[in-house]
$ cat work21.csv   # CSV, C-alpha atoms
chain,number,residue,atom,x,y,z
A,1,MET,CA,0.0,0.0,0.0
A,2,ASP,CA,2.9,2.4,-0.7
A,3,VAL,CA,1.5,5.0,-3.1
A,4,ASP,CA,3.9,7.9,-3.0
A,5,ILE,CA,2.5,9.1,0.4
A,6,LYS,CA,6.0,8.8,1.9
A,7,ALA,CA,7.4,11.5,-0.4
A,8,TYR,CA,4.9,14.0,1.2
A,9,ILE,CA,6.2,13.4,4.8
A,10,ARG,CA,8.8,15.6,6.2
A,11,THR,CA,11.4,14.4,8.7
A,12,ILE,CA,12.5,16.8,11.4
A,13,HIS,CA,15.7,15.7,13.1
A,14,ASP,CA,16.1,15.7,16.9
A,15,HIS,CA,12.5,16.6,17.6
A,16,PRO,CA,11.2,16.6,20.2
A,17,HIS,CA,14.4,15.2,21.7
A,18,PRO,CA,18.0,14.7,20.4
A,19,GLY,CA,18.2,11.5,18.4
A,20,ILE,CA,14.5,11.4,17.4
A,21,GLU,CA,13.6,11.5,13.7
A,22,PHE,CA,10.1,13.1,13.8
A,23,ARG,CA,7.8,12.1,11.0
A,24,ASP,CA,5.9,15.3,10.3
A,25,ILE,CA,2.6,14.7,8.3
A,26,THR,CA,1.6,18.4,8.1
A,27,THR,CA,3.4,18.6,4.8
A,28,LEU,CA,1.1,15.7,3.5
A,29,LEU,CA,-2.0,17.3,4.9
A,30,ASN,CA,-1.0,20.6,3.3
A,31,ASP,CA,-1.0,19.2,-0.2
A,32,PRO,CA,-4.5,18.8,-1.8
A,33,VAL,CA,-3.4,15.7,-3.8
A,34,GLY,CA,-1.5,14.1,-0.9
A,35,PHE,CA,-4.2,14.7,1.6
A,36,ARG,CA,-6.9,13.3,-0.7
A,37,GLU,CA,-4.8,10.2,-1.6
A,38,ALA,CA,-4.1,9.6,2.1
A,39,VAL,CA,-7.7,9.9,3.2
A,40,ASP,CA,-9.1,7.8,0.3
A,41,ALA,CA,-6.5,5.1,1.0
A,42,MET,CA,-7.1,5.0,4.7
A,43,VAL,CA,-10.8,4.3,4.4
A,44,LYS,CA,-10.2,1.2,2.3
A,45,VAL,CA,-10.6,-1.3,5.1
A,46,HIS,CA,-12.4,-4.6,4.4
A,47,ASP,CA,-15.8,-3.6,5.8
A,48,ALA,CA,-15.7,0.1,5.0
A,49,ASP,CA,-19.4,0.1,4.1
A,50,THR,CA,-20.5,-1.1,7.5
A,51,ILE,CA,-18.5,1.4,9.6
A,52,ASP,CA,-20.8,3.4,11.9
A,53,HIS,CA,-18.2,5.7,13.5
A,54,VAL,CA,-14.6,6.8,12.8
A,55,ALA,CA,-12.8,7.4,16.1
A,56,GLY,CA,-9.9,9.8,15.8
A,57,ILE,CA,-7.1,10.1,18.4
A,58,GLU,CA,-6.2,13.7,19.5
A,59,ALA,CA,-4.9,15.7,17.8
A,60,ARG,CA,-3.6,14.7,14.3
A,61,GLY,CA,-6.1,11.8,14.2
A,62,PHE,CA,-8.8,14.5,14.3
A,63,ILE,CA,-7.8,15.9,10.9
A,64,LEU,CA,-7.6,12.6,9.1
A,65,GLY,CA,-10.6,11.1,11.0
A,66,GLY,CA,-12.8,14.1,10.3
A,67,ALA,CA,-12.2,13.7,6.5
A,68,MET,CA,-12.6,9.9,6.7
A,69,ALA,CA,-15.9,10.1,8.6
A,70,HIS,CA,-17.2,12.5,6.0
A,71,GLN,CA,-16.0,10.3,3.2
A,72,LEU,CA,-17.6,7.2,4.7
A,73,PHE,CA,-20.8,9.0,5.7
A,74,ALA,CA,-20.1,7.9,9.3
A,75,GLY,CA,-20.2,9.8,12.6
A,76,PHE,CA,-17.0,11.0,14.2
A,77,VAL,CA,-15.9,10.1,17.7
A,78,PRO,CA,-13.1,12.0,19.5
A,79,ILE,CA,-10.6,10.1,21.7
A,80,ARG,CA,-9.1,12.9,23.8
A,81,LYS,CA,-6.5,13.6,26.5
A,82,LYS,CA,-7.8,13.7,30.0
A,83,GLY,CA,-10.0,16.6,31.0
A,84,LYS,CA,-10.9,17.8,27.4
A,85,LEU,CA,-14.3,16.2,26.9
A,86,PRO,CA,-17.2,18.0,28.5
A,87,GLY,CA,-19.6,15.1,29.1
A,88,GLU,CA,-19.4,11.9,31.1
A,89,THR,CA,-16.4,9.9,30.2
A,90,ILE,CA,-14.5,6.7,30.7
A,91,GLU,CA,-10.7,6.6,30.8
A,92,GLU,CA,-7.7,4.4,30.1
A,93,ASP,CA,-4.1,4.9,31.0
A,94,TYR,CA,-1.2,3.9,28.7
A,95,ALA,CA,2.5,3.7,29.2
A,96,LEU,CA,4.9,6.4,27.9
A,97,GLU,CA,8.7,6.1,27.8
A,98,TYR,CA,8.6,7.7,31.2
A,99,GLY,CA,5.4,7.5,33.2
A,100,THR,CA,1.8,7.2,31.9
A,101,ASP,CA,-0.8,9.2,30.1
A,102,THR,CA,-4.6,9.0,29.9
A,103,VAL,CA,-7.2,9.1,27.1
A,104,GLU,CA,-10.9,9.5,27.5
A,105,LEU,CA,-14.1,8.7,25.5
A,106,HIS,CA,-17.6,10.1,26.0
A,107,ILE,CA,-19.5,7.1,27.5
A,108,ASP,CA,-22.4,7.8,25.1
A,109,ALA,CA,-20.3,8.3,22.0
A,110,VAL,CA,-20.9,4.8,20.7
A,111,GLU,CA,-23.7,2.2,21.1
A,112,PRO,CA,-23.4,-1.5,21.7
A,113,GLY,CA,-22.6,-3.3,18.4
A,114,ASP,CA,-21.4,-0.1,16.6
A,115,LYS,CA,-18.6,-0.8,14.1
A,116,VAL,CA,-15.7,1.6,14.5
A,117,LEU,CA,-12.7,2.4,12.4
A,118,LEU,CA,-9.9,3.8,14.6
A,119,VAL,CA,-7.5,6.5,13.1
A,120,ASP,CA,-4.3,8.1,14.0
A,121,ASP,CA,-1.4,9.6,12.1
A,122,LEU,CA,1.4,7.2,13.3
A,123,LEU,CA,1.7,3.7,14.7
A,124,ALA,CA,4.7,3.3,17.0
A,125,THR,CA,4.4,1.0,20.1
A,126,GLY,CA,0.6,0.9,19.7
A,127,GLY,CA,0.0,2.0,23.3
A,128,THR,CA,-2.4,4.9,22.6
A,129,ALA,CA,-4.3,2.8,20.0
A,130,ILE,CA,-4.7,-0.1,22.4
A,131,ALA,CA,-6.0,2.2,25.1
A,132,ALA,CA,-8.4,3.7,22.6
A,133,ILE,CA,-9.6,0.2,21.6
A,134,ARG,CA,-10.2,-0.7,25.2
A,135,LEU,CA,-12.3,2.5,25.7
A,136,LEU,CA,-14.4,1.8,22.6
A,137,GLU,CA,-14.9,-1.9,23.6
A,138,ARG,CA,-15.8,-1.0,27.2
A,139,ALA,CA,-18.5,1.2,25.7
A,140,GLY,CA,-19.8,-1.8,23.7
A,141,ALA,CA,-18.4,-1.0,20.2
A,142,GLU,CA,-16.5,-3.3,17.9
A,143,VAL,CA,-13.3,-1.9,16.5
A,144,VAL,CA,-13.1,-3.5,13.1
A,145,ALA,CA,-9.9,-1.9,11.8
A,146,CYS,CA,-7.2,0.7,12.6
A,147,SER,CA,-5.8,3.1,10.0
A,148,PHE,CA,-2.6,5.1,10.2
A,149,VAL,CA,-0.5,7.1,7.7
A,150,VAL,CA,2.9,6.0,9.1
A,151,ASP,CA,4.0,2.6,10.5
A,152,LEU,CA,7.2,2.3,12.6
A,153,PRO,CA,7.3,-1.5,12.4
A,154,ASP,CA,10.4,-1.9,14.6
A,155,LEU,CA,8.4,-0.5,17.6
A,156,GLY,CA,6.0,-3.4,17.4
A,157,GLY,CA,2.6,-1.7,17.3
A,158,ARG,CA,1.2,-3.5,14.3
A,159,ALA,CA,2.0,-6.9,15.7
A,160,LYS,CA,0.2,-6.0,19.0
A,161,LEU,CA,-2.9,-4.8,17.2
A,162,GLU,CA,-2.9,-7.8,14.9
A,163,ALA,CA,-2.6,-10.1,17.9
A,164,LEU,CA,-5.9,-8.5,19.1
A,165,GLY,CA,-7.5,-9.6,15.9
A,166,LYS,CA,-7.6,-6.1,14.3
A,167,GLU,CA,-7.2,-5.3,10.7
A,168,VAL,CA,-4.3,-2.8,10.5
A,169,LEU,CA,-3.9,-0.5,7.5
A,170,THR,CA,-0.9,1.8,7.1
A,171,LEU,CA,0.2,3.8,4.0
A,172,CYS,CA,4.0,3.8,4.5
A,173,HIS,CA,6.7,2.8,6.9
A,174,PHE,CA,10.0,3.9,8.2
A,175,ASP,CA,12.5,1.2,9.4
A,176,GLY,CA,15.3,1.4,11.9
A,177,GLU,CA,13.7,3.2,14.8
B,1,MET,CA,-28.5,29.5,7.5
B,2,ASP,CA,-30.3,27.7,10.3
B,3,VAL,CA,-30.7,24.1,9.1
B,4,ASP,CA,-31.5,22.0,12.1
B,5,ILE,CA,-27.9,21.9,13.2
B,6,LYS,CA,-28.7,23.4,16.5
B,7,ALA,CA,-30.8,20.3,17.5
B,8,TYR,CA,-27.7,18.2,17.3
B,9,ILE,CA,-25.7,20.3,19.8
B,10,ARG,CA,-25.8,19.4,23.4
B,11,THR,CA,-25.6,21.9,26.2
B,12,ILE,CA,-23.6,21.0,29.3
B,13,HIS,CA,-24.4,23.2,32.2
B,14,ASP,CA,-21.7,24.7,34.5
B,15,HIS,CA,-18.8,23.5,32.3
B,16,PRO,CA,-15.9,24.2,32.6
B,17,HIS,CA,-17.0,26.7,35.3
B,18,PRO,CA,-20.2,27.3,37.2
B,19,GLY,CA,-22.5,29.5,35.2
B,20,ILE,CA,-21.1,28.5,31.8
B,21,GLU,CA,-23.5,26.9,29.3
B,22,PHE,CA,-21.0,24.8,27.3
B,23,ARG,CA,-22.1,24.1,23.7
B,24,ASP,CA,-20.9,20.6,22.9
B,25,ILE,CA,-20.6,19.8,19.2
B,26,THR,CA,-19.5,16.2,19.8
B,27,THR,CA,-23.1,15.1,19.5
B,28,LEU,CA,-23.3,16.8,16.1
B,29,LEU,CA,-20.0,15.2,14.9
B,30,ASN,CA,-21.2,11.9,16.2
B,31,ASP,CA,-24.3,11.8,13.9
B,32,PRO,CA,-23.6,10.9,10.2
B,33,VAL,CA,-26.3,13.2,8.9
B,34,GLY,CA,-25.6,16.0,11.3
B,35,PHE,CA,-21.9,15.9,10.6
B,36,ARG,CA,-22.3,15.8,6.8
B,37,GLU,CA,-24.9,18.6,6.8
B,38,ALA,CA,-22.6,20.8,8.9
B,39,VAL,CA,-19.5,20.2,6.8
B,40,ASP,CA,-21.4,20.7,3.5
B,41,ALA,CA,-22.9,24.0,4.8
B,42,MET,CA,-19.6,25.3,6.2
B,43,VAL,CA,-17.8,25.1,2.9
B,44,LYS,CA,-20.5,27.2,1.1
B,45,VAL,CA,-18.5,30.5,1.2
B,46,HIS,CA,-18.7,32.8,-1.7
B,47,ASP,CA,-15.4,31.8,-3.3
B,48,ALA,CA,-15.3,28.2,-2.3
B,49,ASP,CA,-13.9,27.1,-5.6
B,50,THR,CA,-10.8,29.3,-5.2
B,51,ILE,CA,-9.8,28.1,-1.7
B,52,ASP,CA,-6.2,26.7,-1.6
B,53,HIS,CA,-6.1,25.8,2.1
B,54,VAL,CA,-8.5,25.2,4.9
B,55,ALA,CA,-6.9,26.3,8.2
B,56,GLY,CA,-8.3,24.6,11.3
B,57,ILE,CA,-7.9,25.8,14.9
B,58,GLU,CA,-6.9,23.1,17.4
B,59,ALA,CA,-8.5,20.9,18.4
B,60,ARG,CA,-12.2,20.8,17.3
B,61,GLY,CA,-11.4,22.9,14.2
B,62,PHE,CA,-9.2,20.0,13.1
B,63,ILE,CA,-12.2,17.6,12.8
B,64,LEU,CA,-14.4,20.0,10.8
B,65,GLY,CA,-11.5,21.5,8.9
B,66,GLY,CA,-10.1,18.1,7.8
B,67,ALA,CA,-13.5,17.1,6.4
B,68,MET,CA,-13.9,20.5,4.7
B,69,ALA,CA,-10.4,20.4,3.1
B,70,HIS,CA,-11.2,17.0,1.8
B,71,GLN,CA,-14.5,18.1,0.4
B,72,LEU,CA,-13.0,21.2,-1.2
B,73,PHE,CA,-10.0,19.4,-2.6
B,74,ALA,CA,-7.8,21.9,-0.6
B,75,GLY,CA,-4.8,21.4,1.6
B,76,PHE,CA,-5.2,21.5,5.4
B,77,VAL,CA,-3.2,23.8,7.6
B,78,PRO,CA,-3.2,23.3,11.4
B,79,ILE,CA,-3.2,26.3,13.8
B,80,ARG,CA,-1.9,24.9,17.1
B,81,LYS,CA,-1.3,25.8,20.7
B,82,LYS,CA,2.3,26.8,21.4
B,83,GLY,CA,4.9,24.0,21.3
B,84,LYS,CA,2.9,21.5,19.3
B,85,LEU,CA,4.2,22.1,15.7
B,86,PRO,CA,7.5,20.4,14.9
B,87,GLY,CA,8.8,22.8,12.2
B,88,GLU,CA,9.7,26.5,12.2
B,89,THR,CA,6.8,28.6,13.4
B,90,ILE,CA,5.5,32.1,13.9
B,91,GLU,CA,3.2,32.9,16.8
B,92,GLU,CA,0.5,35.3,18.0
B,93,ASP,CA,-0.8,35.9,21.5
B,94,TYR,CA,-4.5,36.5,22.2
B,95,ALA,CA,-6.3,37.5,25.4
B,96,LEU,CA,-8.2,35.1,27.6
B,97,GLU,CA,-10.6,36.1,30.3
B,98,TYR,CA,-7.6,35.9,32.6
B,99,GLY,CA,-4.2,36.2,31.0
B,100,THR,CA,-3.1,35.3,27.4
B,101,ASP,CA,-2.6,32.2,25.2
B,102,THR,CA,-0.5,31.6,22.1
B,103,VAL,CA,-1.2,30.0,18.7
B,104,GLU,CA,1.4,29.0,16.2
B,105,LEU,CA,1.6,28.3,12.4
B,106,HIS,CA,4.3,26.6,10.4
B,107,ILE,CA,6.0,29.5,8.5
B,108,ASP,CA,6.0,27.4,5.3
B,109,ALA,CA,2.3,26.2,5.6
B,110,VAL,CA,1.0,28.8,3.2
B,111,GLU,CA,2.5,30.7,0.2
B,112,PRO,CA,2.0,34.4,-0.6
B,113,GLY,CA,-1.4,34.9,-2.3
B,114,ASP,CA,-2.9,31.6,-1.0
B,115,LYS,CA,-6.6,31.8,-0.4
B,116,VAL,CA,-7.5,30.4,3.0
B,117,LEU,CA,-10.8,29.4,4.7
B,118,LEU,CA,-10.4,29.5,8.5
B,119,VAL,CA,-12.5,27.0,10.6
B,120,ASP,CA,-13.4,26.5,14.2
B,121,ASP,CA,-16.3,25.1,16.1
B,122,LEU,CA,-17.4,28.2,17.9
B,123,LEU,CA,-17.2,31.9,17.5
B,124,ALA,CA,-17.3,33.8,20.9
B,125,THR,CA,-15.1,36.9,21.3
B,126,GLY,CA,-13.2,36.1,18.1
B,127,GLY,CA,-9.8,36.4,19.9
B,128,THR,CA,-8.4,33.1,18.7
B,129,ALA,CA,-9.8,33.6,15.2
B,130,ILE,CA,-8.2,37.0,14.9
B,131,ALA,CA,-4.8,35.7,16.1
B,132,ALA,CA,-5.1,32.9,13.5
B,133,ILE,CA,-5.9,35.5,10.8
B,134,ARG,CA,-2.9,37.5,11.8
B,135,LEU,CA,-0.6,34.4,11.5
B,136,LEU,CA,-1.9,33.5,8.1
B,137,GLU,CA,-1.6,37.1,6.8
B,138,ARG,CA,1.9,37.4,8.2
B,139,ALA,CA,2.8,34.3,6.2
B,140,GLY,CA,1.4,36.1,3.1
B,141,ALA,CA,-2.0,34.3,2.7
B,142,GLU,CA,-5.4,35.9,2.2
B,143,VAL,CA,-8.1,34.8,4.6
B,144,VAL,CA,-11.2,35.0,2.5
B,145,ALA,CA,-13.7,33.7,4.9
B,146,CYS,CA,-14.2,32.1,8.4
B,147,SER,CA,-16.7,29.3,9.1
B,148,PHE,CA,-18.0,28.2,12.5
B,149,VAL,CA,-20.7,25.9,13.7
B,150,VAL,CA,-21.9,28.0,16.5
B,151,ASP,CA,-22.1,31.8,16.9
B,152,LEU,CA,-22.4,33.5,20.3
B,153,PRO,CA,-23.3,36.9,18.9
B,154,ASP,CA,-23.5,38.7,22.3
B,155,LEU,CA,-19.8,38.2,22.7
B,156,GLY,CA,-19.1,40.2,19.5
B,157,GLY,CA,-16.7,38.0,17.5
B,158,ARG,CA,-18.7,38.2,14.3
B,159,ALA,CA,-18.7,42.0,14.4
B,160,LYS,CA,-14.9,42.1,14.9
B,161,LEU,CA,-14.2,39.7,12.0
B,162,GLU,CA,-16.6,41.5,9.7
B,163,ALA,CA,-14.8,44.8,10.6
B,164,LEU,CA,-11.7,43.2,9.2
B,165,GLY,CA,-13.5,42.6,6.0
B,166,LYS,CA,-14.0,38.9,6.4
B,167,GLU,CA,-16.9,36.8,5.2
B,168,VAL,CA,-18.3,35.0,8.3
B,169,LEU,CA,-20.4,31.9,8.0
B,170,THR,CA,-22.1,30.3,11.0
B,171,LEU,CA,-24.7,27.6,11.2
B,172,CYS,CA,-26.6,28.5,14.3
B,173,HIS,CA,-26.4,30.8,17.3
B,174,PHE,CA,-27.1,31.0,21.0
B,175,ASP,CA,-28.2,34.3,22.5
B,176,GLY,CA,-27.9,35.7,26.0
B,177,GLU,CA,-24.3,34.8,26.8
$ encode --input "work21.csv" --output "structure tokens"
Amino acid sequence: MDVDIKAYIRTIHDHPHPGIEFRDITTLLNDPVGFREAVDAMVKVHDADTIDHVAGIEARGFILGGAMAHQLFAGFVPIRKKGKLPGETIEEDYALEYGTDTVELHIDAVEPGDKVLLVDDLLATGGTAIAAIRLLERAGAEVVACSFVVDLPDLGGRAKLEALGKEVLTLCHFDGE
Amino acid sequence: MDVDIKAYIRTIHDHPHPGIEFRDITTLLNDPVGFREAVDAMVKVHDADTIDHVAGIEARGFILGGAMAHQLFAGFVPIRKKGKLPGETIEEDYALEYGTDTVELHIDAVEPGDKVLLVDDLLATGGTAIAAIRLLERAGAEVVACSFVVDLPDLGGRAKLEALGKEVLTLCHFDGE
């Protein structure tokens, strides 16, 4: 699934820390052709026509997920950092390199049996995505697939999501990190 | 321009502070029909077919703006809180009820002469939108219109944006706040 999406992605060296090669998708989003190709490719999961909701992870997953929900004629569900959603929420912690972070979902954002496509810009260790899946499943939804622009396969996220039985769709990958 | 968008918006009382009626658009985004109607209405500015970029204000403006950029076949430009964009940025401060906050734009996100549609979920005092317009204009772009789901006209944002010569499109309004 490598169209030329990778050519639109900018690498910023030593961001946010020395030694990190940051994969910046804003240059992809900025280009009308790149953005459209990315969105159109990311919705091509096996059961696209049965998706009820696209769930996007804050913040870059909102940009892609908004476009994908509109394209699929699905509703959009935000997965946000703690304290950002105004209604009643459930929460899940996930591990960072140092410490933990928390994501939240509105408890009434999905209904039991809803089919959900989960979206973010980048798949690394999969920690955030797995926390998001737990939230959606606790609320009764079925996460049928996960779409990302970039895969960092050496960090193992794809293997973890596939071990949970999820379809994983990525548009390009960067090795050696 | 009142389609029945307002019926999809949930009000959460006393959020985030006592006395505040919080207009929650997540219930609009969550509904496939509501979301599509909102996005399709928000792109109907006078010069829609000449828009080069849709600029969305973090974070709810990302969801709407991503869908609108995809719909218009335009590029998407994020306006983010300070410290979130990885490349070289310019910044603008704006006033809050107490203190100030800062938004940033990648300096290379737009080119001189680009026509931009600015997007956010809600227009209150207009402070964030005006800071975003300043950023885009400093980078050489022309902000031709601003789209919001909700207008709070008593807070005066629309009048300020119109005084700058901007077309302002809103889908519904709430009085008395």
$ residues_near_point --input "work21.csv" --point "(-21.4, 11.6, 7.8)" --cutoff "9 Å" --atoms "only C-alpha atoms" --output "list in words"
His53, Ala69, His70, Gln71, Leu72, Phe73, Ala74, Gly75 and Phe76 of chain A; Leu29, Asn30, Asp31, Pro32, Val33, Gly34, Phe35, Arg36, Glu37 and Val39 of chain B
$ atom_distance --input "work21.csv" --atom1 "CA of Tyr98 (chain B)" --atom2 "CA of Leu161 (chain B)"
22.0 Å
$ closest_residue --input "work21.csv" --among "B:Ile51, B:Ala7, B:Cys146, B:Leu164" --to "chain A" --atoms "all atoms listed in the file"
B:Ile51
$ residues_near_point --input "work21.csv" --point "(20.0, 22.1, 9.8)" --cutoff "12 Å" --atoms "all atoms listed in the file" --output "PyMOL selection string"
(chain A and resi 11-14) or (chain B and resi 87-88)
$ atom_distance --input "work21.csv" --atom1 "CA of Asp52 (chain B)" --atom2 "CA of Leu64 (chain B)"
16.3 Å
$ closest_residue --input "work21.csv" --among "B:Ile5, B:Leu85, B:Leu123, B:Leu136" --to "Asp40 (chain B)" --atoms "only C-alpha atoms"
B:Ile5
$ build_atoms --input "work21.csv" --residues "region 101-114 of chain A" --atoms "N, CA, C and O atoms" --output "PDB file, in the coordinates of the input"
ATOM      1  N   ASP A 101       0.116   8.172  30.495  1.00  0.00           N
ATOM      2  CA  ASP A 101      -0.800   9.200  30.100  1.00  0.00           C
ATOM      3  C   ASP A 101      -2.207   8.603  30.030  1.00  0.00           C
ATOM      4  O   ASP A 101      -2.360   7.389  30.198  1.00  0.00           O
ATOM      5  N   THR A 102      -3.225   9.438  29.827  1.00  0.00           N
ATOM      6  CA  THR A 102      -4.600   9.000  29.900  1.00  0.00           C
ATOM      7  C   THR A 102      -5.407   9.501  28.734  1.00  0.00           C
ATOM      8  O   THR A 102      -5.259  10.662  28.365  1.00  0.00           O
ATOM      9  N   VAL A 103      -6.236   8.624  28.150  1.00  0.00           N
ATOM     10  CA  VAL A 103      -7.200   9.100  27.100  1.00  0.00           C
ATOM     11  C   VAL A 103      -8.600   8.813  27.596  1.00  0.00           C
ATOM     12  O   VAL A 103      -8.838   7.933  28.421  1.00  0.00           O
ATOM     13  N   GLU A 104      -9.519   9.619  27.045  1.00  0.00           N
ATOM     14  CA  GLU A 104     -10.900   9.500  27.500  1.00  0.00           C
ATOM     15  C   GLU A 104     -11.859   9.447  26.260  1.00  0.00           C
ATOM     16  O   GLU A 104     -11.536   9.902  25.164  1.00  0.00           O
ATOM     17  N   LEU A 105     -13.026   8.882  26.537  1.00  0.00           N
ATOM     18  CA  LEU A 105     -14.100   8.700  25.500  1.00  0.00           C
ATOM     19  C   LEU A 105     -15.411   9.125  26.218  1.00  0.00           C
ATOM     20  O   LEU A 105     -15.657   8.736  27.367  1.00  0.00           O
ATOM     21  N   HIS A 106     -16.255   9.859  25.524  1.00  0.00           N
ATOM     22  CA  HIS A 106     -17.600  10.100  26.000  1.00  0.00           C
ATOM     23  C   HIS A 106     -18.321   8.746  26.124  1.00  0.00           C
ATOM     24  O   HIS A 106     -18.378   8.004  25.135  1.00  0.00           O
ATOM     25  N   ILE A 107     -18.889   8.454  27.277  1.00  0.00           N
ATOM     26  CA  ILE A 107     -19.500   7.100  27.500  1.00  0.00           C
ATOM     27  C   ILE A 107     -20.659   6.878  26.524  1.00  0.00           C
ATOM     28  O   ILE A 107     -20.927   5.729  26.151  1.00  0.00           O
ATOM     29  N   ASP A 108     -21.304   7.955  26.049  1.00  0.00           N
ATOM     30  CA  ASP A 108     -22.400   7.800  25.100  1.00  0.00           C
ATOM     31  C   ASP A 108     -22.038   8.014  23.655  1.00  0.00           C
ATOM     32  O   ASP A 108     -22.908   8.184  22.801  1.00  0.00           O
ATOM     33  N   ALA A 109     -20.736   7.984  23.367  1.00  0.00           N
ATOM     34  CA  ALA A 109     -20.300   8.300  22.000  1.00  0.00           C
ATOM     35  C   ALA A 109     -20.552   7.142  21.028  1.00  0.00           C
ATOM     36  O   ALA A 109     -20.652   7.359  19.823  1.00  0.00           O
ATOM     37  N   VAL A 110     -20.629   5.920  21.544  1.00  0.00           N
ATOM     38  CA  VAL A 110     -20.900   4.800  20.700  1.00  0.00           C
ATOM     39  C   VAL A 110     -22.015   3.937  21.373  1.00  0.00           C
ATOM     40  O   VAL A 110     -22.224   4.046  22.592  1.00  0.00           O
ATOM     41  N   GLU A 111     -22.695   3.132  20.568  1.00  0.00           N
ATOM     42  CA  GLU A 111     -23.700   2.200  21.100  1.00  0.00           C
ATOM     43  C   GLU A 111     -23.251   0.792  20.974  1.00  0.00           C
ATOM     44  O   GLU A 111     -22.429   0.487  20.097  1.00  0.00           O
ATOM     45  N   PRO A 112     -23.751  -0.098  21.818  1.00  0.00           N
ATOM     46  CA  PRO A 112     -23.400  -1.500  21.700  1.00  0.00           C
ATOM     47  C   PRO A 112     -23.549  -2.021  20.293  1.00  0.00           C
ATOM     48  O   PRO A 112     -24.596  -1.792  19.676  1.00  0.00           O
ATOM     49  N   GLY A 113     -22.516  -2.684  19.778  1.00  0.00           N
ATOM     50  CA  GLY A 113     -22.600  -3.300  18.400  1.00  0.00           C
ATOM     51  C   GLY A 113     -22.109  -2.329  17.329  1.00  0.00           C
ATOM     52  O   GLY A 113     -21.935  -2.773  16.186  1.00  0.00           O
ATOM     53  N   ASP A 114     -21.897  -1.040  17.640  1.00  0.00           N
ATOM     54  CA  ASP A 114     -21.400  -0.100  16.600  1.00  0.00           C
ATOM     55  C   ASP A 114     -20.055  -0.608  16.072  1.00  0.00           C
ATOM     56  O   ASP A 114     -19.192  -1.060  16.830  1.00  0.00           O
TER      57      ASP A 114
END
